Every structure is written in C-alpha cells, then in structure tokens.
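Visitor: Structure in structure tokens, see below.
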Amino acid sequence: RWQQKVKYTMNIDMDVQTNQYTGKQKIDYWNNSPDTLSRVFFHLHWNAFQPNSMMDARSRRQGTISWRKDRQGNDIADWDPRVQDRILKLSEKEIGYNRVSSIKMNGRPQKTKLHETILEVILDKPILPKSKVTFDMDWTAQVPLQVRRSGRDNPATQVRFTMTQWYPKLAEYDYEGWHPTPYIGREFYGVWGDYDVTIKIDKNYLLGGSGNLVNANEVGFGYETKGSTVKKPAGNKLSWHFIAPNVHDFAWAADPEYNHIVRQIPDGPTIHVLYNREPSKASFDNLNAQQKAVFNNDFNKFTEDWHSRWATVADAAVTVYPYIKKNFGEYPYKQYSFIHGGDGGMEYPNCTMLAGPGLGTAFHEW
C-alpha cells in the first residue's frame with residue numbers, strides 16, 4: 001500500500017496571561033494515492049471543549065441513561081469520570097477553540113465548511129495523484145481548562161499547559177478514503193511526516209515534547225551542550241525550535257516550575273524527565289491515614305519521595321532500554337521525554353504525558 005506524507009512548518013506565539021496563542025503553519029502535502037482529491041479535512045480538536053459540543057452531549061447522555069448495572073442490579077451512570085459534565089460548566093475564558101482565519105493552497109484562498117471539530121476544505125483545484133501541494137494557514141486558539149488529554153491548570157497536577165491535540169491537524173486519507181472523525185471520545189489516526197515547530201513563550205517557562213530541540217544553547221534549562229555557555233536573546237519571550245522527523249503528531253507541555261532530569265542511554269536515546277518541583281499539597285492531604293504514616297505525616301518527606309520517584313523514572317529508562325532494544329528493536333529517534341502533564345498517561349511521538357511518576361504507566365506508554 002501507499003501512504004500520504006505531510007510536512008508541517010509552524011510558528012506559535014503563546015500569551016501565558018490569556019492562555020491564547022496565534023499560529024501560522026505551512027503544510028506540504030504529498031498525495032501518494034492513486035486518487036484525485038477534491039477536498040481535504042483538518043481536525044480542530046479543541047472545539048470539543050465547549051458547552052453542548054458532541055463530546056459534552058455524549059458524556060452527559062452517558063451519565064443520565066443507564067448503560068449498565070452494579071453487582072446489586074442497580075442502574076448506574078456510565079460516563080467517563082474525568083469528563084462528566086465538566087465541559088458544560090466551562091466559562092468563556094475556560095473553553096478551548098481552534099479558529100482558522102485563513103487557508104490557502106498554492107497561494108490561492110480556499111473555501112471551508114466547519115463541522116465543529118472538523119474543518120472541511122473545498123478545493124478550487126483537485127490534488128492529482130502522485131503530486132504535492134502547499135497549504136498556508138493562520139489560526140488563533142485558546143487552551144481549554146484541562147478536562148481530557150490536553151489543556152491547562154489541572155489542579156491535581158498543577159501543570160500549566162499540556163499541549164496535545166492542539167493544532168489544526170490534517171486528517172488521514174488511505175485506501176479506505178478520508179478519516180475525518182469528529183472528536184467525541186478518542187484520539188486519532190494521523191498522517192506520517194515531518195514537523196518543524198517554533199514556539200515563542202514567556203522565557204520563564206520550560207518546555208518538553210516531541211522532536212529534538214535544535215537551539216538548545218539559546219534555551220538552556222538543562223538542554224544545552226555540556227560545557228557550553230547559554231546565550232539567551234533579549235526580551236520577555238524565548239523561542240523553542242523543535243524538529244521531529246517521521247512522526248504522526250507533535251505534542252508538548254510547558255510550566256515555569258518544571259524540574260529537568262537528563263540521562264544518556266549508551267547507544268540509545270537521550271532521556272528527559274520534566275516534572276513539577278513540588279507535589280500538590282492536595283495530593284498529600286488526599287492520602288489516607290495509613291498512606292500518610294509512610295511519610296510520618298510529614299509533607300516534606302512526601303516531597304522528598306516525589307523527587308526520588310521521578311529520578312527513578314529517568315534511571316529505570318536507562319536500565320530498561322537494552323531489554324526493549326533486544327525484544328522490540330532499536331528506538332529510531334534521538335530522544336524520549338517523560339513529562340508531567342495535565343492528564344496521563346498518554347503516549348505521543350517521542351514523549352509521554354504522565355500524571356505522576358509511576359513506572360508501570362511510564363513504560364507501558366513508552
């Protein structure tokens with residue numbers, strides 16, 4: 001069979017005060033299929049995080065109609081406890097959205113039709129088999145309050161931004177046709193290709209994610225080459241330039257309180273672990289008496305254990321990799337990041353979002 005191919009070149013400018021950003025992307029798209037394409041589709045995942053969206057409606061329906069019974073035979077709601085009716089309660093500043101203001105193909109404006117989380121682009125000229133076109137797109141977005149997979153300010157993890165399923169993403173076309181699946185409950189099949197992503201954000205924020213950081217010596221934060229001098233540019237923002245070759249998605253996270261642990265696997269990838277410097281007091285308060293007794297009812301001891309467990313993730317990755325390589329094959333990328341995120345665990349290219357430092361989850365996702 002054949003596969004389509006895509007290359008994204010993105011420039012993102014994030015405002016951490018408003019939780020909004022502007023995005024520009026150039027998309028090179030290769031139609032390797034034997035078919036002529038008269039339209040294309042993009043996923044706008046964050047439009048799901050608005051009251052009365054399909055995701056919201058489904059979740060509330062699952063909670064009000066009995067889909068199963070408990071062991072005593074009583075009707076019970078069957079909604080995702082992480083979603084429930086939370087989307088319905090989001091305010092205007094808490095909702096998520098992707099709003100595409102302009103899309104051109106080979107320099108010509110194209111007509112669009114919005115289907116909530118799917119943007120249909122009706123092409124003025126078809127894309128012929130075995131040919132390549134270039135799309136240019138401008139959009140604005142607001143990071144939703146974290147509900148599921150992605151978002152901001154989850155009180156449980158205290159991570160500021162978990163940026164997954166966050167950009168207008170080209171839907172897949174294969175031997176079955178287009179896959180413009182609305183975002184109601186699950187993540188999606190994606191087009192393989194290359195990502196060149198520059199993210200401009202407040203200079204106090206530390207980022208981790210897919211791909212390789214190519215301007216590490218301008219960024220610092222532990223990414224710089226050993227022995228080098230970090231030369232950060234002037235201004236209140238810092239640009240992070242990532243390149244991710246031959247992947248099907250791009251994810252990242254950002255927080256001003258991240259700790260960064262680095263390990264180099266011999267003959268393997270570099271391991272990055274990014275996590276919040278302090279666990280939430282609520283996470284300690286929610287422990288039962290027996291669990292608190294392990295830490296002598298001392299939050300400081302709980303914090304020491306928190307740091308130790310994240311370091312164990314980094315060290316265990318070095319230990320585990322030879323087994324993975326022997327049984328499943330060599331990892332084909334230069335780095336892998338275990339990132340404390342707003343919702344986890346969930347794997348993305350070159351990184352996993354984790355709600356905590358559990359080894360079982362970390363390696364399951366890897």
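Identifiers in the structure tokens: chain A, B, ... in order shown; residue index from 1 per chain; ligand index from 1 in order shown.
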From a DSSP pass on the backbone, collect the residues of region 71-244 of chain A flagged as strand (DSSP E) and hand them back as an MDAnalysis selection string.

Guide: chainID A and resid 75:76 97:105 108:109 111:115 118:127 131:142 151:152 161:163 169:170 173:174 177:178 193:202 206:209 212:213 237:244

Visitor: Write a file of the just-selected residues containing C-alpha atoms, as a compact mmCIF listing (two decimals), in the first residue's frame.

Guide:
```txt
# COMPACT_ATOMS: atom_id res chain seq x y z
CA ASP A 75 -28.76 1.14 37.34
CA ILE A 76 -25.54 3.16 37.30
CA TYR A 97 -11.07 26.59 20.47
CA ASN A 98 -9.15 26.49 17.19
CA ARG A 99 -10.31 29.25 14.83
CA VAL A 100 -8.84 29.14 11.34
CA SER A 101 -8.88 32.63 9.83
CA SER A 102 -7.18 31.87 6.53
CA ILE A 103 -6.23 28.86 4.44
CA LYS A 104 -4.60 28.92 1.03
CA MET A 105 -3.50 26.16 -1.33
CA ARG A 108 -4.93 30.66 -3.56
CA PRO A 109 -7.65 31.18 -0.89
CA LYS A 111 -13.45 27.73 0.80
CA THR A 112 -14.12 25.98 4.09
CA LYS A 113 -17.03 24.44 5.96
CA LEU A 114 -16.86 23.96 9.74
CA HIS A 115 -18.23 20.78 11.32
CA ILE A 118 -13.62 19.02 11.65
CA LEU A 119 -12.76 21.69 9.09
CA GLU A 120 -13.67 20.70 5.54
CA VAL A 121 -11.70 22.48 2.82
CA ILE A 122 -13.38 22.52 -0.61
CA LEU A 123 -10.53 22.83 -3.09
CA ASP A 124 -10.70 25.13 -6.09
CA LYS A 125 -8.45 22.70 -7.97
CA PRO A 126 -8.14 19.00 -7.21
CA ILE A 127 -4.95 17.43 -5.92
CA SER A 131 1.51 15.26 -6.73
CA LYS A 132 2.36 17.73 -3.97
CA VAL A 133 0.58 20.92 -2.81
CA THR A 134 1.31 23.52 -0.15
CA PHE A 135 -1.25 24.90 2.28
CA ASP A 136 -0.74 28.09 4.29
CA MET A 137 -2.92 28.50 7.36
CA ASP A 138 -3.40 31.16 10.04
CA TRP A 139 -5.32 30.40 13.21
CA THR A 140 -5.93 31.51 16.77
CA ALA A 141 -6.56 29.25 19.73
CA GLN A 142 -7.43 29.23 23.39
CA GLY A 151 -5.48 21.68 28.44
CA ARG A 152 -4.26 23.91 31.25
CA PHE A 161 -0.01 23.74 29.70
CA THR A 162 -0.44 20.22 28.31
CA MET A 163 -0.43 20.82 24.57
CA LYS A 169 -4.14 18.65 12.06
CA LEU A 170 -4.59 17.16 8.62
CA TYR A 173 -6.51 9.58 3.73
CA ASP A 174 -5.81 5.93 2.95
CA GLY A 177 -10.77 7.04 1.98
CA TRP A 178 -10.82 10.03 4.33
CA GLY A 193 5.61 13.22 8.17
CA ASP A 194 7.99 15.85 9.49
CA TYR A 195 7.41 18.69 11.97
CA ASP A 196 9.39 21.92 12.23
CA VAL A 197 7.85 23.80 15.17
CA THR A 198 8.91 27.10 16.75
CA ILE A 199 7.13 28.07 19.96
CA LYS A 200 7.53 31.58 21.35
CA ILE A 201 6.59 31.74 25.02
CA ASP A 202 7.38 33.56 28.30
CA LEU A 206 10.45 25.20 30.47
CA LEU A 207 9.21 23.03 27.59
CA GLY A 208 9.39 19.37 26.67
CA GLY A 209 7.81 17.39 23.89
CA ASN A 212 14.65 17.43 19.01
CA LEU A 213 15.41 20.89 20.36
CA LYS A 237 9.91 35.63 25.45
CA LEU A 238 12.04 32.75 24.32
CA SER A 239 11.68 30.78 21.07
CA TRP A 240 11.91 26.99 21.31
CA HIS A 241 12.68 25.36 17.95
CA PHE A 242 11.87 21.65 17.66
CA ILE A 243 12.30 19.33 14.67
CA ALA A 244 10.51 15.97 14.71
```

Visitor: Which residues in region 290-332 of chain A does DSSP call alpha helix (DSSP H)? List them as a ChimeraX atom specification.

Guide: /A:290-294,299-328

Visitor: Give me the residues of region 186-280 of chain A that have any atom at most 10 Å from an atom of region 343-348 of chain A; for each, the nearest atom pair and the distance in Å, rounded to one decimal. Use only C-alpha atoms, sort by chain and number, and format it as a Markdown table.

Guide:
```
| residue | atom | partner | partner_atom | distance |
| --- | --- | --- | --- | --- |
| A:Gly209 | CA | A:Tyr348 | CA | 8.6 |
| A:Ser210 | CA | A:Tyr348 | CA | 7.4 |
| A:Val247 | CA | A:Tyr348 | CA | 9.3 |
| A:His248 | CA | A:Tyr348 | CA | 8.7 |
| A:Asp249 | CA | A:Tyr348 | CA | 7.0 |
| A:Phe250 | CA | A:Tyr348 | CA | 7.2 |
| A:Ala251 | CA | A:Tyr348 | CA | 6.5 |
| A:Trp252 | CA | A:Tyr348 | CA | 9.2 |
```

Visitor: Could you dump the residues just selected with all heavy atoms as a PDB file, in the first residue's frame?

Guide:
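Wrote it out as again02.pdb, contents follow:
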```pdb
ATOM      1  N   GLY A 209       8.790  17.922  24.829  1.00  0.00           N
ATOM      2  CA  GLY A 209       7.810  17.386  23.895  1.00  0.00           C
ATOM      3  C   GLY A 209       8.411  16.524  22.816  1.00  0.00           C
ATOM      4  O   GLY A 209       9.489  15.939  22.973  1.00  0.00           O
ATOM      5  N   SER A 210       7.711  16.466  21.695  1.00  0.00           N
ATOM      6  CA  SER A 210       8.139  15.674  20.550  1.00  0.00           C
ATOM      7  C   SER A 210       9.370  16.303  19.906  1.00  0.00           C
ATOM      8  O   SER A 210       9.612  17.503  20.024  1.00  0.00           O
ATOM      9  CB  SER A 210       7.013  15.594  19.511  1.00  0.00           C
ATOM     10  OG  SER A 210       5.855  15.001  20.043  1.00  0.00           O
ATOM     11  N   VAL A 247       7.180  11.371  12.129  1.00  0.00           N
ATOM     12  CA  VAL A 247       6.234  11.057  13.200  1.00  0.00           C
ATOM     13  C   VAL A 247       4.815  11.386  12.717  1.00  0.00           C
ATOM     14  O   VAL A 247       4.632  11.968  11.665  1.00  0.00           O
ATOM     15  CB  VAL A 247       6.552  11.831  14.502  1.00  0.00           C
ATOM     16  CG1 VAL A 247       7.876  11.370  15.091  1.00  0.00           C
ATOM     17  CG2 VAL A 247       6.587  13.337  14.247  1.00  0.00           C
ATOM     18  N   HIS A 248       3.823  11.004  13.500  1.00  0.00           N
ATOM     19  CA  HIS A 248       2.433  11.233  13.078  1.00  0.00           C
ATOM     20  C   HIS A 248       1.717  12.301  13.892  1.00  0.00           C
ATOM     21  O   HIS A 248       0.519  12.547  13.686  1.00  0.00           O
ATOM     22  CB  HIS A 248       1.633   9.920  13.130  1.00  0.00           C
ATOM     23  CG  HIS A 248       1.448   9.405  14.532  1.00  0.00           C
ATOM     24  ND1 HIS A 248       0.350   9.734  15.299  1.00  0.00           N
ATOM     25  CD2 HIS A 248       2.229   8.624  15.303  1.00  0.00           C
ATOM     26  CE1 HIS A 248       0.464   9.153  16.482  1.00  0.00           C
ATOM     27  NE2 HIS A 248       1.593   8.479  16.506  1.00  0.00           N
ATOM     28  N   ASP A 249       2.440  12.955  14.806  1.00  0.00           N
ATOM     29  CA  ASP A 249       1.817  14.000  15.627  1.00  0.00           C
ATOM     30  C   ASP A 249       2.937  14.748  16.349  1.00  0.00           C
ATOM     31  O   ASP A 249       4.088  14.308  16.373  1.00  0.00           O
ATOM     32  CB  ASP A 249       0.849  13.373  16.643  1.00  0.00           C
ATOM     33  CG  ASP A 249      -0.191  14.353  17.164  1.00  0.00           C
ATOM     34  OD1 ASP A 249      -0.146  15.548  16.785  1.00  0.00           O
ATOM     35  OD2 ASP A 249      -1.063  13.931  17.953  1.00  0.00           O
ATOM     36  N   PHE A 250       2.565  15.876  16.948  1.00  0.00           N
ATOM     37  CA  PHE A 250       3.526  16.663  17.722  1.00  0.00           C
ATOM     38  C   PHE A 250       2.827  17.128  18.988  1.00  0.00           C
ATOM     39  O   PHE A 250       1.748  17.723  18.929  1.00  0.00           O
ATOM     40  CB  PHE A 250       4.019  17.871  16.917  1.00  0.00           C
ATOM     41  CG  PHE A 250       5.128  18.636  17.583  1.00  0.00           C
ATOM     42  CD1 PHE A 250       6.449  18.399  17.256  1.00  0.00           C
ATOM     43  CD2 PHE A 250       4.854  19.585  18.569  1.00  0.00           C
ATOM     44  CE1 PHE A 250       7.488  19.085  17.876  1.00  0.00           C
ATOM     45  CE2 PHE A 250       5.877  20.276  19.195  1.00  0.00           C
ATOM     46  CZ  PHE A 250       7.199  20.026  18.853  1.00  0.00           C
ATOM     47  N   ALA A 251       3.440  16.849  20.146  1.00  0.00           N
ATOM     48  CA  ALA A 251       2.870  17.238  21.437  1.00  0.00           C
ATOM     49  C   ALA A 251       3.936  17.913  22.272  1.00  0.00           C
ATOM     50  O   ALA A 251       5.134  17.659  22.120  1.00  0.00           O
ATOM     51  CB  ALA A 251       2.337  16.008  22.166  1.00  0.00           C
ATOM     52  N   TRP A 252       3.500  18.790  23.189  1.00  0.00           N
ATOM     53  CA  TRP A 252       4.444  19.457  24.082  1.00  0.00           C
ATOM     54  C   TRP A 252       3.735  19.879  25.361  1.00  0.00           C
ATOM     55  O   TRP A 252       2.502  19.868  25.438  1.00  0.00           O
ATOM     56  CB  TRP A 252       5.123  20.652  23.404  1.00  0.00           C
ATOM     57  CG  TRP A 252       4.212  21.731  22.878  1.00  0.00           C
ATOM     58  CD1 TRP A 252       3.422  21.667  21.759  1.00  0.00           C
ATOM     59  CD2 TRP A 252       4.006  23.041  23.431  1.00  0.00           C
ATOM     60  NE1 TRP A 252       2.744  22.852  21.582  1.00  0.00           N
ATOM     61  CE2 TRP A 252       3.090  23.716  22.576  1.00  0.00           C
ATOM     62  CE3 TRP A 252       4.521  23.719  24.530  1.00  0.00           C
ATOM     63  CZ2 TRP A 252       2.666  25.025  22.820  1.00  0.00           C
ATOM     64  CZ3 TRP A 252       4.106  25.022  24.771  1.00  0.00           C
ATOM     65  CH2 TRP A 252       3.186  25.664  23.920  1.00  0.00           C
TER      66      TRP A 252
END
```

Visitor: Pick out the residues sitting within 12 Å of Val320 (chain A), and hand them over as a CSV table (one decimal) with N, CA, C and O atoms, in the first residue's frame; count only C-alpha atoms, and ignore anything fewer than 4 positions along from it in its own chain.

Guide:
```
chain,number,residue,atom,x,y,z
A,265,ILE,N,21.4,7.3,27.4
A,265,ILE,CA,21.5,5.8,27.3
A,265,ILE,C,22.6,5.5,26.4
A,265,ILE,O,22.7,6.0,25.3
A,266,PRO,N,23.6,4.6,26.8
A,266,PRO,CA,24.7,4.2,25.9
A,266,PRO,C,24.1,3.6,24.6
A,266,PRO,O,23.2,2.7,24.7
A,268,GLY,N,21.9,4.6,22.7
A,268,GLY,CA,20.4,4.8,22.7
A,268,GLY,C,20.0,6.3,22.8
A,268,GLY,O,20.9,7.2,22.7
A,271,ILE,N,17.3,10.6,27.4
A,271,ILE,CA,16.0,10.6,28.2
A,271,ILE,C,15.9,11.9,28.9
A,271,ILE,O,16.8,12.3,29.6
A,312,THR,N,13.8,8.1,39.6
A,312,THR,CA,13.8,6.6,39.4
A,312,THR,C,13.3,6.4,38.0
A,312,THR,O,13.7,5.4,37.3
A,313,VAL,N,12.3,7.2,37.5
A,313,VAL,CA,11.8,7.0,36.1
A,313,VAL,C,13.0,7.2,35.1
A,313,VAL,O,13.1,6.4,34.2
A,314,ALA,N,13.8,8.2,35.4
A,314,ALA,CA,14.9,8.5,34.5
A,314,ALA,C,15.9,7.4,34.5
A,314,ALA,O,16.4,6.9,33.5
A,315,ASP,N,16.3,6.9,35.7
A,315,ASP,CA,17.2,5.8,35.9
A,315,ASP,C,16.7,4.5,35.3
A,315,ASP,O,17.5,3.7,34.7
A,316,ALA,N,15.5,4.2,35.6
A,316,ALA,CA,14.9,3.0,35.1
A,316,ALA,C,14.8,2.9,33.6
A,316,ALA,O,15.0,1.8,33.0
A,324,ILE,N,14.2,-3.5,25.9
A,324,ILE,CA,13.4,-3.1,24.8
A,324,ILE,C,14.0,-3.2,23.4
A,324,ILE,O,13.4,-3.7,22.5
A,325,LYS,N,15.3,-2.8,23.4
A,325,LYS,CA,16.0,-2.9,22.1
A,325,LYS,C,16.1,-4.3,21.6
A,325,LYS,O,15.9,-4.6,20.4
A,326,LYS,N,16.5,-5.2,22.5
A,326,LYS,CA,16.7,-6.6,22.2
A,326,LYS,C,15.4,-7.3,21.7
A,326,LYS,O,15.4,-8.1,20.7
A,327,ASN,N,14.3,-7.0,22.4
A,327,ASN,CA,13.0,-7.7,22.1
A,327,ASN,C,12.1,-7.0,21.0
A,327,ASN,O,11.3,-7.6,20.4
A,328,PHE,N,12.2,-5.7,20.9
A,328,PHE,CA,11.3,-4.9,20.0
A,328,PHE,C,12.0,-4.1,19.0
A,328,PHE,O,11.4,-3.6,18.0
A,359,LEU,N,6.1,3.9,37.5
A,359,LEU,CA,6.9,3.2,36.5
A,359,LEU,C,6.0,2.4,35.6
A,359,LEU,O,6.3,2.3,34.4
A,360,GLY,N,5.0,1.7,36.1
A,360,GLY,CA,4.1,0.9,35.2
A,360,GLY,C,3.6,1.7,34.1
A,360,GLY,O,3.6,1.3,32.9
A,362,ALA,N,4.6,4.7,33.0
A,362,ALA,CA,5.7,5.3,32.2
A,362,ALA,C,6.1,4.3,31.1
A,362,ALA,O,6.2,4.7,29.9
A,363,PHE,N,6.4,3.1,31.5
A,363,PHE,CA,6.9,2.1,30.5
A,363,PHE,C,5.8,1.5,29.6
A,363,PHE,O,6.1,1.1,28.5
A,364,HIS,N,4.6,1.4,30.2
A,364,HIS,CA,3.5,1.0,29.3
A,364,HIS,C,3.4,1.9,28.1
A,364,HIS,O,3.2,1.5,27.0
A,366,TRP,N,5.6,4.2,26.9
A,366,TRP,CA,6.9,4.2,26.1
A,366,TRP,C,6.8,3.0,25.2
A,366,TRP,O,7.1,3.1,24.0
```

Visitor: Would you list the contacts of Lys130 (chain A) as a PyMOL selection string, taking every protein, DNA or RNA residue within 9 Å and counting only C-alpha atoms, but skipping same-chain residues closer than 2 positions in sequence?

Guide: chain A and resi 30-35+127-128+132

Visitor: Env of Leu274 (chain A): 12 Å cut, atoms = only C-alpha atoms, seq-sep filter 5 positions within chain, self excluded. Answer as a PyMOL selection string.

Guide: chain A and resi 159+205-209+221-223+252-263+307+310-311+313-314+336-341+351-357

Visitor: Using only C-alpha atoms, which residue out of A:Gly329, A:Gly190, A:Gly185, A:Gly358 lies closest to Asp56 (chain A)?

Guide: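 Looking only at the distances to Asp56 (chain A), the closest residue turns out to be A:Gly185.
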
Visitor: In terms of the shortest atom-to-atom distance over only C-alpha atoms, which of A:Asn297, A:Thr18, A:Pro144, A:Arg86 is closest to Asn52 (chain A)?

Guide: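 Looking at the shortest contact to Asn52 (chain A), the residue is A:Arg86.
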
Visitor: Would you mind telling me which residue in A:Asn296, A:Gln25, A:Thr270, A:Ser280 lies nearest to Tyr8 (chain A) when using only C-alpha atoms?

Guide: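 Of the candidates, the smallest distance to Tyr8 (chain A) is held by A:Gln25.
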
Visitor: Could you pull the residues within 12 Å of Phe299 (chain A), counting only C-alpha atoms, minus those fewer than 6 positions along the same chain, as a ChimeraX atom specification?

Guide: /A:278-287,291-293,305-306

Visitor: To one decimal place in Å, what is the distance between CA of Ile184 (chain A) and CA of Ala48 (chain A)?

Guide: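 Interatomic distance here is 7.2 Å.
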